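Content type mmCIF, C-alpha atoms, from the file model14.cif:
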data_query
loop_
_atom_site.group_PDB
_atom_site.id
_atom_site.type_symbol
_atom_site.label_atom_id
_atom_site.label_comp_id
_atom_site.auth_asym_id
_atom_site.auth_seq_id
_atom_site.Cartn_x
_atom_site.Cartn_y
_atom_site.Cartn_z
ATOM 1 C CA MET A 1 63.951 -48.933 -38.075
ATOM 2 C CA ASN A 2 62.970 -50.306 -34.666
ATOM 3 C CA TYR A 3 63.706 -46.912 -33.177
ATOM 4 C CA LYS A 4 61.148 -45.253 -35.487
ATOM 5 C CA LYS A 5 58.531 -47.928 -34.704
ATOM 6 C CA THR A 6 59.096 -47.444 -30.986
ATOM 7 C CA ILE A 7 58.664 -43.668 -31.284
ATOM 8 C CA PHE A 8 55.518 -44.161 -33.402
ATOM 9 C CA ALA A 9 54.052 -46.657 -30.926
ATOM 10 C CA ALA A 10 54.800 -44.339 -27.999
ATOM 11 C CA ALA A 11 53.162 -41.429 -29.823
ATOM 12 C CA CYS A 12 50.072 -43.535 -30.566
ATOM 13 C CA LEU A 13 49.819 -44.591 -26.927
ATOM 14 C CA ALA A 14 50.158 -40.980 -25.816
ATOM 15 C CA ILE A 15 47.422 -39.807 -28.197
ATOM 16 C CA LEU A 16 45.007 -42.688 -27.481
ATOM 17 C CA PRO A 17 43.851 -41.404 -24.073
ATOM 18 C CA LEU A 18 43.242 -37.980 -25.600
ATOM 19 C CA SER A 19 41.034 -39.427 -28.329
ATOM 20 C CA LEU A 20 39.138 -41.557 -25.791
ATOM 21 C CA THR A 21 38.638 -38.534 -23.550
ATOM 22 C CA THR A 22 37.326 -36.489 -26.453
ATOM 23 C CA THR A 23 34.918 -39.300 -27.401
ATOM 24 C CA HIS A 24 33.850 -39.683 -23.756
ATOM 25 C CA GLN A 25 33.349 -35.930 -23.372
ATOM 26 C CA ALA A 26 31.299 -35.792 -26.573
ATOM 27 C CA ALA A 27 29.117 -38.681 -25.375
ATOM 28 C CA GLY A 28 28.794 -37.034 -21.963
ATOM 29 C CA SER A 29 27.901 -33.725 -23.571
ATOM 30 C CA GLU A 30 25.247 -35.433 -25.698
ATOM 31 C CA SER A 31 23.701 -37.117 -22.663
ATOM 32 C CA VAL A 32 23.694 -33.793 -20.783
ATOM 33 C CA GLN A 33 22.038 -32.105 -23.753
ATOM 34 C CA ARG A 34 19.378 -34.870 -23.900
ATOM 35 C CA ALA A 35 18.729 -34.541 -20.151
ATOM 36 C CA LEU A 36 18.397 -30.761 -20.394
ATOM 37 C CA ALA A 37 16.122 -31.012 -23.423
ATOM 38 C CA SER A 38 13.874 -33.483 -21.583
ATOM 39 C CA LEU A 39 13.211 -31.044 -18.716
ATOM 40 C CA ALA A 40 9.687 -29.670 -18.798
ATOM 41 C CA PRO A 41 9.389 -25.889 -19.194
ATOM 42 C CA SER A 42 7.466 -25.883 -15.897
ATOM 43 C CA VAL A 43 10.650 -26.749 -13.951
ATOM 44 C CA ARG A 44 11.813 -23.526 -12.293
ATOM 45 C CA PHE A 45 14.386 -24.755 -9.767
ATOM 46 C CA VAL A 46 16.021 -28.049 -8.896
ATOM 47 C CA GLN A 47 18.505 -28.295 -6.066
ATOM 48 C CA SER A 48 20.212 -31.208 -4.407
ATOM 49 C CA ALA A 49 20.724 -30.661 -0.711
ATOM 50 C CA GLY A 50 22.739 -32.891 1.545
ATOM 51 C CA LYS A 51 22.569 -36.552 2.341
ATOM 52 C CA TRP A 52 20.011 -38.572 4.246
ATOM 53 C CA ARG A 53 20.288 -41.982 5.849
ATOM 54 C CA GLY A 54 17.300 -44.295 6.184
ATOM 55 C CA PRO A 55 16.655 -46.687 9.073
ATOM 56 C CA ASN A 56 17.677 -49.666 6.915
ATOM 57 C CA GLY A 57 21.070 -48.121 6.096
ATOM 58 C CA GLN A 58 19.990 -46.806 2.715
ATOM 59 C CA THR A 59 21.483 -43.430 1.809
ATOM 60 C CA GLY A 60 20.659 -40.751 -0.680
ATOM 61 C CA THR A 61 20.261 -37.057 -1.326
ATOM 62 C CA HIS A 62 17.411 -34.616 -0.953
ATOM 63 C CA ARG A 63 16.160 -32.998 -4.123
ATOM 64 C CA ILE A 64 14.026 -29.857 -4.043
ATOM 65 C CA VAL A 65 11.925 -29.167 -7.149
ATOM 66 C CA LEU A 66 9.892 -26.002 -7.790
ATOM 67 C CA LEU A 67 7.390 -26.162 -10.638
ATOM 68 C CA ALA A 68 5.286 -23.495 -12.353
ATOM 69 C CA ASN A 69 1.681 -24.653 -12.778
ATOM 70 C CA PRO A 70 -0.613 -23.788 -15.718
ATOM 71 C CA ASP A 71 -2.891 -21.818 -13.355
ATOM 72 C CA LYS A 72 0.036 -19.467 -12.575
ATOM 73 C CA THR A 73 0.629 -20.988 -9.120
ATOM 74 C CA GLN A 74 3.742 -22.900 -8.125
ATOM 75 C CA SER A 75 4.323 -26.307 -6.544
ATOM 76 C CA LEU A 76 7.237 -27.367 -4.360
ATOM 77 C CA TYR A 77 8.291 -30.985 -3.887
ATOM 78 C CA ILE A 78 10.926 -32.495 -1.646
ATOM 79 C CA GLN A 79 12.262 -35.828 -2.874
ATOM 80 C CA TRP A 80 14.379 -38.418 -1.106
ATOM 81 C CA VAL A 81 16.524 -39.838 -3.896
ATOM 82 C CA PRO A 82 18.386 -43.041 -2.979
ATOM 83 C CA ILE A 83 21.889 -43.626 -4.219
ATOM 84 C CA ASN A 84 21.856 -47.209 -5.413
ATOM 85 C CA LYS A 85 24.881 -49.378 -5.940
ATOM 86 C CA ASP A 86 24.008 -49.745 -9.621
ATOM 87 C CA SER A 87 24.165 -45.924 -10.041
ATOM 88 C CA LYS A 88 20.492 -45.645 -10.965
ATOM 89 C CA ASN A 89 18.722 -42.924 -9.035
ATOM 90 C CA ALA A 90 15.015 -43.091 -8.352
ATOM 91 C CA ALA A 91 12.781 -40.972 -6.187
ATOM 92 C CA PRO A 92 10.623 -43.397 -4.234
ATOM 93 C CA TYR A 93 9.229 -40.749 -1.956
ATOM 94 C CA ALA A 94 8.156 -37.185 -2.650
ATOM 95 C CA LEU A 95 6.432 -34.724 -0.357
ATOM 96 C CA GLU A 96 4.463 -31.801 -1.766
ATOM 97 C CA ILE A 97 4.535 -28.608 0.298
ATOM 98 C CA ALA A 98 0.888 -27.659 -0.222
ATOM 99 C CA GLU A 99 1.235 -24.108 1.141
ATOM 100 C CA ILE A 100 3.332 -23.035 -1.862
ATOM 101 C CA SER A 101 0.427 -23.232 -4.323
ATOM 102 C CA LYS A 102 -1.628 -20.949 -2.047
ATOM 103 C CA LEU A 103 0.915 -18.127 -1.919
ATOM 104 C CA ASN A 104 0.123 -14.792 -3.527
ATOM 105 C CA GLN A 105 3.815 -14.328 -4.310
ATOM 106 C CA GLU A 106 6.091 -15.970 -6.811
ATOM 107 C CA ILE A 107 9.117 -17.864 -5.512
ATOM 108 C CA ILE A 108 12.167 -16.556 -7.383
ATOM 109 C CA GLY A 109 14.989 -18.342 -5.567
ATOM 110 C CA LEU A 110 15.721 -21.108 -3.137
ATOM 111 C CA SER A 111 18.566 -22.436 -1.059
ATOM 112 C CA ALA A 112 18.722 -25.492 1.144
ATOM 113 C CA GLN A 113 20.978 -27.240 3.601
ATOM 114 C CA VAL A 114 20.936 -30.310 5.792
ATOM 115 C CA GLY A 115 21.805 -30.131 9.464
ATOM 116 C CA ILE A 116 23.933 -32.525 11.498
ATOM 117 C CA ARG A 117 20.919 -34.640 12.477
ATOM 118 C CA GLY A 118 19.632 -34.844 8.897
ATOM 119 C CA GLU A 119 16.984 -32.131 9.154
ATOM 120 C CA LEU A 120 16.401 -30.225 5.929
ATOM 121 C CA SER A 121 16.071 -26.430 5.915
ATOM 122 C CA VAL A 122 14.897 -24.594 2.798
ATOM 123 C CA TYR A 123 14.796 -20.835 2.358
ATOM 124 C CA LEU A 124 12.528 -19.580 -0.429
ATOM 125 C CA GLU A 125 13.046 -16.067 -1.760
ATOM 126 C CA ALA A 126 9.787 -14.365 -2.755
ATOM 127 C CA GLU A 127 9.271 -11.767 -5.434
ATOM 128 C CA PRO A 128 8.801 -8.349 -3.826
ATOM 129 C CA THR A 129 5.274 -6.957 -3.875
ATOM 130 C CA ASP A 130 3.626 -3.620 -3.130
ATOM 131 C CA ASP A 131 2.197 -5.133 0.055
ATOM 132 C CA PRO A 132 4.395 -3.906 2.944
ATOM 133 C CA ASP A 133 3.286 -6.861 5.090
ATOM 134 C CA ALA A 134 4.235 -9.519 2.537
ATOM 135 C CA PRO A 135 7.269 -11.584 3.541
ATOM 136 C CA TYR A 136 10.487 -11.294 1.576
ATOM 137 C CA GLY A 137 10.907 -15.011 1.892
ATOM 138 C CA TYR A 138 9.663 -18.212 3.444
ATOM 139 C CA GLU A 139 11.267 -20.923 5.553
ATOM 140 C CA LEU A 140 10.620 -24.633 5.385
ATOM 141 C CA PHE A 141 11.942 -27.020 8.042
ATOM 142 C CA LEU A 142 11.606 -30.784 7.606
ATOM 143 C CA LYS A 143 12.357 -33.167 10.455
ATOM 144 C CA ASP A 144 11.380 -36.290 8.538
ATOM 145 C CA ARG A 145 9.342 -37.348 5.519
ATOM 146 C CA LYS A 146 6.000 -36.459 7.051
ATOM 147 C CA SER A 147 6.389 -33.491 9.376
ATOM 148 C CA TYR A 148 7.449 -29.984 8.464
ATOM 149 C CA SER A 149 6.869 -26.387 9.384
ATOM 150 C CA PHE A 150 6.411 -23.611 6.849
ATOM 151 C CA GLY A 151 6.003 -19.856 7.250
ATOM 152 C CA GLY A 152 7.313 -16.392 6.554
ATOM 153 C CA ALA A 153 11.060 -16.001 7.060
ATOM 154 C CA SER A 154 12.031 -14.877 10.512
ATOM 155 C CA ASN A 155 14.671 -12.381 9.391
#
With the file now loaded, output its structure as structure tokens.
Amino acid sequence: MNYKKTIFAAACLAILPLSLTTTHQAAGSESVQRALASLAPSVRFVQSAGKWRGPNGQTGTHRIVLLANPDKTQSLYIQWVPINKDSKNAAPYALEIAEISKLNQEIIGLSAQVGIRGELSVYLEAEPTDDPDAPYGYELFLKDRKSYSFGGASN
């Protein structure tokens, strides 16, 4: 009889992590679904790009957000999102790249990377137009939270 109880207990212990994982995955899936449902339809692209380190030792990630505006223009924001010890992320600082809303082309893709010194580089792919002089893309280079350069891609 003890042998059967031992086998049953072992089987229950083996199955318990599986049931907890399934419950955890379902809860995780629900929270992902809620987060996705809460995104505004105007959000076109969101990308996290590399880490930054502040002068006070704070660290975080860059987040690049491209939005479609009601007037058919687009807006691009760079955010510095801190990684807090309590796992809550906030974006205390955001920089709008004003030139994006003045473009006569739609941005259809973006990629970003952070260099060794923490500088952020963003390449924006533009929708092709009939204008032979229109750039195929744009480059954005940020040295810090206040200074950047923006223009047609060099290659």
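Of the listed residues A:Glu127, A:Glu119, A:Asp71, A:Glu30, the one whose atoms come nearest to Gln105 (chain A) is A:Glu127, with distances taken using all atoms listed in the file.
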**Q.** Given the PyMOL selection byres ((chain A and resi 147) around 12), the residues it picks as a ChimeraX atom specification
**A.** /A:78,95-97,119-120,140-146,148-150
Go ahead and write the selection's residues with C-alpha atoms as a PDB file, keeping the file's coordinate frame.
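Dumped to part11.pdb:
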ATOM      1  CA  ILE A  78      10.926 -32.495  -1.646  1.00  0.00           C
ATOM      2  CA  LEU A  95       6.432 -34.724  -0.357  1.00  0.00           C
ATOM      3  CA  GLU A  96       4.463 -31.801  -1.766  1.00  0.00           C
ATOM      4  CA  ILE A  97       4.535 -28.608   0.298  1.00  0.00           C
ATOM      5  CA  GLU A 119      16.984 -32.131   9.154  1.00  0.00           C
ATOM      6  CA  LEU A 120      16.401 -30.225   5.929  1.00  0.00           C
ATOM      7  CA  LEU A 140      10.620 -24.633   5.385  1.00  0.00           C
ATOM      8  CA  PHE A 141      11.942 -27.020   8.042  1.00  0.00           C
ATOM      9  CA  LEU A 142      11.606 -30.784   7.606  1.00  0.00           C
ATOM     10  CA  LYS A 143      12.357 -33.167  10.455  1.00  0.00           C
ATOM     11  CA  ASP A 144      11.380 -36.290   8.538  1.00  0.00           C
ATOM     12  CA  ARG A 145       9.342 -37.348   5.519  1.00  0.00           C
ATOM     13  CA  LYS A 146       6.000 -36.459   7.051  1.00  0.00           C
ATOM     14  CA  TYR A 148       7.449 -29.984   8.464  1.00  0.00           C
ATOM     15  CA  SER A 149       6.869 -26.387   9.384  1.00  0.00           C
ATOM     16  CA  PHE A 150       6.411 -23.611   6.849  1.00  0.00           C
TER      17      PHE A 150
END
Q | Nearest to Ala40 (chain A) by atom-to-atom distance, counting all atoms listed in the file, from A:Ala98, A:Ala68, A:Arg63, A:Gln58 | A | A:Ala68
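Separating CA of Pro92 (chain A) from CA of Ala35 (chain A) is a distance of 19.9 Å.
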Q.
Quick one: residues within 10 Å of Val43 (chain A), all atoms listed in the file, excluding same-chain residues fewer than 3 positions away - as a ChimeraX atom specification?
A. /A:39-40,46,65-69,74-75
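Each of A:Ser111, A:Ala126, A:Val32, A:Asp133 was compared to Ala49 (chain A) using all atoms listed in the file, and A:Ser111 turns out to be the nearest.
If you look at CA of Asn84 (chain A) and CA of Thr61 (chain A), they are 11.1 Å away from each other.
The coordinates place CA of Ile64 (chain A) at 18.6 Å from CA of Ile116 (chain A).
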Q: Write out as a ChimeraX atom specification each polymer residue whose atoms come within 10 Å of Pro128 (chain A), counting all atoms listed in the file; drop sequence neighbours fewer than 5 positions from it.
A: /A:105-108,134-137
Compile the contact shell of Leu110 (chain A) as a PDB file with C-alpha atoms, in the frame of the given file: residues with an atom at most 8 Å away, counting only C-alpha atoms, same-chain residues fewer than 6 positions apart removed.
ATOM      1  CA  PHE A  45      14.386 -24.755  -9.767  1.00  0.00           C
ATOM      2  CA  VAL A 122      14.897 -24.594   2.798  1.00  0.00           C
ATOM      3  CA  TYR A 123      14.796 -20.835   2.358  1.00  0.00           C
ATOM      4  CA  LEU A 124      12.528 -19.580  -0.429  1.00  0.00           C
ATOM      5  CA  GLU A 125      13.046 -16.067  -1.760  1.00  0.00           C
TER       6      GLU A 125
END
Just add N, CA and C atoms to region 40-58 of chain A and send it as an mmCIF file, in the frame of the given file.
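The resulting out_1.cif:
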data_model
loop_
_atom_site.group_PDB
_atom_site.id
_atom_site.type_symbol
_atom_site.label_atom_id
_atom_site.label_comp_id
_atom_site.auth_asym_id
_atom_site.auth_seq_id
_atom_site.Cartn_x
_atom_site.Cartn_y
_atom_site.Cartn_z
ATOM 1 N N ALA A 40 10.920 -30.388 -18.451
ATOM 2 C CA ALA A 40 9.687 -29.670 -18.798
ATOM 3 C C ALA A 40 9.896 -28.175 -18.575
ATOM 4 N N PRO A 41 9.271 -27.336 -19.380
ATOM 5 C CA PRO A 41 9.389 -25.889 -19.194
ATOM 6 C C PRO A 41 8.854 -25.438 -17.833
ATOM 7 N N SER A 42 8.032 -26.247 -17.198
ATOM 8 C CA SER A 42 7.466 -25.883 -15.897
ATOM 9 C C SER A 42 8.490 -25.979 -14.760
ATOM 10 N N VAL A 43 9.626 -26.621 -14.994
ATOM 11 C CA VAL A 43 10.650 -26.749 -13.951
ATOM 12 C C VAL A 43 11.347 -25.411 -13.777
ATOM 13 N N ARG A 44 11.208 -24.819 -12.581
ATOM 14 C CA ARG A 44 11.813 -23.526 -12.293
ATOM 15 C C ARG A 44 13.131 -23.670 -11.553
ATOM 16 N N PHE A 45 13.167 -24.529 -10.545
ATOM 17 C CA PHE A 45 14.386 -24.755 -9.767
ATOM 18 C C PHE A 45 14.490 -26.224 -9.407
ATOM 19 N N VAL A 46 15.716 -26.723 -9.424
ATOM 20 C CA VAL A 46 16.021 -28.049 -8.896
ATOM 21 C C VAL A 46 17.307 -27.897 -8.115
ATOM 22 N N GLN A 47 17.297 -28.366 -6.881
ATOM 23 C CA GLN A 47 18.505 -28.295 -6.066
ATOM 24 C C GLN A 47 18.655 -29.583 -5.283
ATOM 25 N N SER A 48 19.871 -30.075 -5.255
ATOM 26 C CA SER A 48 20.212 -31.208 -4.407
ATOM 27 C C SER A 48 20.758 -30.642 -3.106
ATOM 28 N N ALA A 49 20.320 -31.229 -2.002
ATOM 29 C CA ALA A 49 20.724 -30.661 -0.711
ATOM 30 C C ALA A 49 21.047 -31.763 0.283
ATOM 31 N N GLY A 50 22.292 -32.017 0.467
ATOM 32 C CA GLY A 50 22.739 -32.891 1.545
ATOM 33 C C GLY A 50 22.293 -34.326 1.438
ATOM 34 N N LYS A 51 22.846 -35.122 2.330
ATOM 35 C CA LYS A 51 22.569 -36.552 2.341
ATOM 36 C C LYS A 51 21.588 -36.912 3.438
ATOM 37 N N TRP A 52 20.866 -38.001 3.222
ATOM 38 C CA TRP A 52 20.011 -38.572 4.246
ATOM 39 C C TRP A 52 20.381 -40.040 4.411
ATOM 40 N N ARG A 53 20.050 -40.568 5.560
ATOM 41 C CA ARG A 53 20.288 -41.982 5.849
ATOM 42 C C ARG A 53 18.995 -42.562 6.400
ATOM 43 N N GLY A 54 18.527 -43.639 5.757
ATOM 44 C CA GLY A 54 17.300 -44.295 6.184
ATOM 45 C C GLY A 54 17.564 -45.286 7.313
ATOM 46 N N PRO A 55 16.501 -45.757 7.950
ATOM 47 C CA PRO A 55 16.655 -46.687 9.073
ATOM 48 C C PRO A 55 17.252 -48.036 8.668
ATOM 49 N N ASN A 56 17.123 -48.396 7.393
ATOM 50 C CA ASN A 56 17.677 -49.666 6.915
ATOM 51 C C ASN A 56 19.089 -49.515 6.350
ATOM 52 N N GLY A 57 19.708 -48.356 6.576
ATOM 53 C CA GLY A 57 21.070 -48.121 6.096
ATOM 54 C C GLY A 57 21.143 -47.533 4.705
ATOM 55 N N GLN A 58 19.999 -47.403 4.047
ATOM 56 C CA GLN A 58 19.990 -46.806 2.715
ATOM 57 C C GLN A 58 20.373 -45.333 2.823
#
